[in-house]
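First up is the structure itself, then whatever we jot down about it.
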Amino acid sequence: MINLLYCGNEKVFDGILTSLLSVVKRDLSHDAYHVFVFTMTLTRLKPEYTPISDRLIAFLDKVMKSYNPESKVEKVDVTELYESELSYSPNEGAYCSPYTLLRLFADQVESIPDRLLYLDADIMFNRDIHLLYDYDLKGAEFGGANDHYGKYLINPRYINAGVLLFDMKKCRETGLFEKAREWINKKKLIFADQSAIQRACVKKKLLPQKFNDQKFLHKSTVVRHFSKRLFYLPYPHTDNIKQWHIEKVHKVFKYHQFDDIYEEYLKLRDEYLSQKA
């Protein structure tokens, strides 16, 4: 059983669906998955900050079971945990959605197993997930690849938190998440929980860039992370092209490696929307 964690609200449908499809379609072993989705209600901050619906979770569960009947998608509402520990923190209005802070409660959910792979919703697997999931952390609390810009601007070993492989047993022993939550409450950080996790850790494992490639897609790339990036042409600018922006993925990146995934995604998306109507 492979254990995955996503976080978000109702708006992450396209991201989680395309990401999960890339996982199962590139998995040569056809393993079963336990997918945890942390969500919450935070309408006091923005009206659209509503939790993921049970209907959406049921739809994702159905999709995953079509690949392996032992798979499961589980919704975990952590609203109470968030409001009791992180509400009104200096990082609640950080550059990223407050939903990224929810992964910091992984130690508070008893059903979370000893090995857990956290994924942002804007990632796609280009190769078999086992290349990452089975990686030996050698006693580290977590492993992750360099942040493309952070390794220049902050620290050569600064890790991007969009793809993190956790040894949860070790994390609970060292109190990693508890200390990270303390950082979130104590000080406004440039990259919020991404920085808090790294400040709180005792030992981290720097993984090869192929496990979280934020700029390019090589043959060796296992995970392509569609994060915001800088473009130099036709003039210096940033753009936030996500994997579900299919036309831009084709036109700007000229990627066609995910077309089999897109074909199924579009059919499933139409099915979901038609049911919703």
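The chains in the structure tokens are called A, B, ... from first to last as shown; in each chain the residues are counted from 1, and the ligands are counted from 1 in the order shown.
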Return as CSV the residues of segment 15-53 of chain A lying at most 12 Å from segment 119-124 of chain A, together with the closest atom-to-atom pair for each and the distance in Å to one decimal, counting only C-alpha atoms, with rows in chain order and ascending residue number.
```
residue,atom,partner,partner_atom,distance
A:Gly15,CA,A:Ala121,CA,4.7
A:Ile16,CA,A:Ala121,CA,5.1
A:Leu17,CA,A:Ala121,CA,8.5
A:Thr18,CA,A:Met124,CA,7.2
A:Ser19,CA,A:Met124,CA,5.1
A:Leu20,CA,A:Met124,CA,8.1
A:Leu21,CA,A:Met124,CA,8.5
A:Ser22,CA,A:Met124,CA,5.7
A:Val23,CA,A:Met124,CA,7.4
A:Val24,CA,A:Met124,CA,10.7
A:Lys25,CA,A:Met124,CA,10.6
A:Arg26,CA,A:Met124,CA,9.9
A:Val35,CA,A:Leu119,CA,10.5
A:Phe36,CA,A:Leu119,CA,10.5
A:Val37,CA,A:Leu119,CA,10.3
A:Phe38,CA,A:Leu119,CA,11.6
```
Per-residue nearest contacts segment 48-126 of chain A to segment 162-170 of chain A, cut-off 12 Å, using only C-alpha atoms, as a Markdown table:
```
| residue | atom | partner | partner_atom | distance |
| --- | --- | --- | --- | --- |
| A:Cys96 | CA | A:Gly162 | CA | 11.7 |
| A:Thr100 | CA | A:Gly162 | CA | 9.3 |
| A:Leu101 | CA | A:Gly162 | CA | 11.8 |
| A:Arg103 | CA | A:Leu164 | CA | 10.3 |
| A:Leu104 | CA | A:Phe166 | CA | 11.6 |
| A:Phe105 | CA | A:Met168 | CA | 11.5 |
| A:Ala106 | CA | A:Met168 | CA | 8.3 |
| A:Asp107 | CA | A:Met168 | CA | 7.3 |
| A:Gln108 | CA | A:Met168 | CA | 10.9 |
| A:Val109 | CA | A:Met168 | CA | 11.0 |
| A:Glu110 | CA | A:Met168 | CA | 10.9 |
| A:Ser111 | CA | A:Met168 | CA | 11.2 |
| A:Ile112 | CA | A:Met168 | CA | 8.0 |
| A:Pro113 | CA | A:Met168 | CA | 6.9 |
| A:Asp114 | CA | A:Met168 | CA | 4.6 |
| A:Arg115 | CA | A:Asp167 | CA | 5.1 |
| A:Leu116 | CA | A:Phe166 | CA | 5.2 |
| A:Leu117 | CA | A:Leu165 | CA | 4.5 |
| A:Tyr118 | CA | A:Leu164 | CA | 5.1 |
| A:Leu119 | CA | A:Val163 | CA | 4.9 |
| A:Asp120 | CA | A:Gly162 | CA | 4.9 |
| A:Ala121 | CA | A:Gly162 | CA | 8.5 |
| A:Asp122 | CA | A:Gly162 | CA | 8.4 |
| A:Ile123 | CA | A:Gly162 | CA | 8.1 |
| A:Met124 | CA | A:Val163 | CA | 10.7 |
| A:Phe125 | CA | A:Val163 | CA | 11.0 |
```
Using only C-alpha atoms, find the one residue out of A:Asp128, A:Asp14, A:Glu182, A:Glu74 that sits nearest to Ser29 of chain A. A:Asp128
Which one is closest to Glu85 of chain A: A:Val63, A:Leu189, A:Leu102, A:Ala145? Count only C-alpha atoms. A:Leu102
With only C-alpha atoms as the basis for distance, which of A:Lys242, A:Lys251, A:His148, A:Arg181 is at the shortest distance from Lys215 of chain A? A:His148
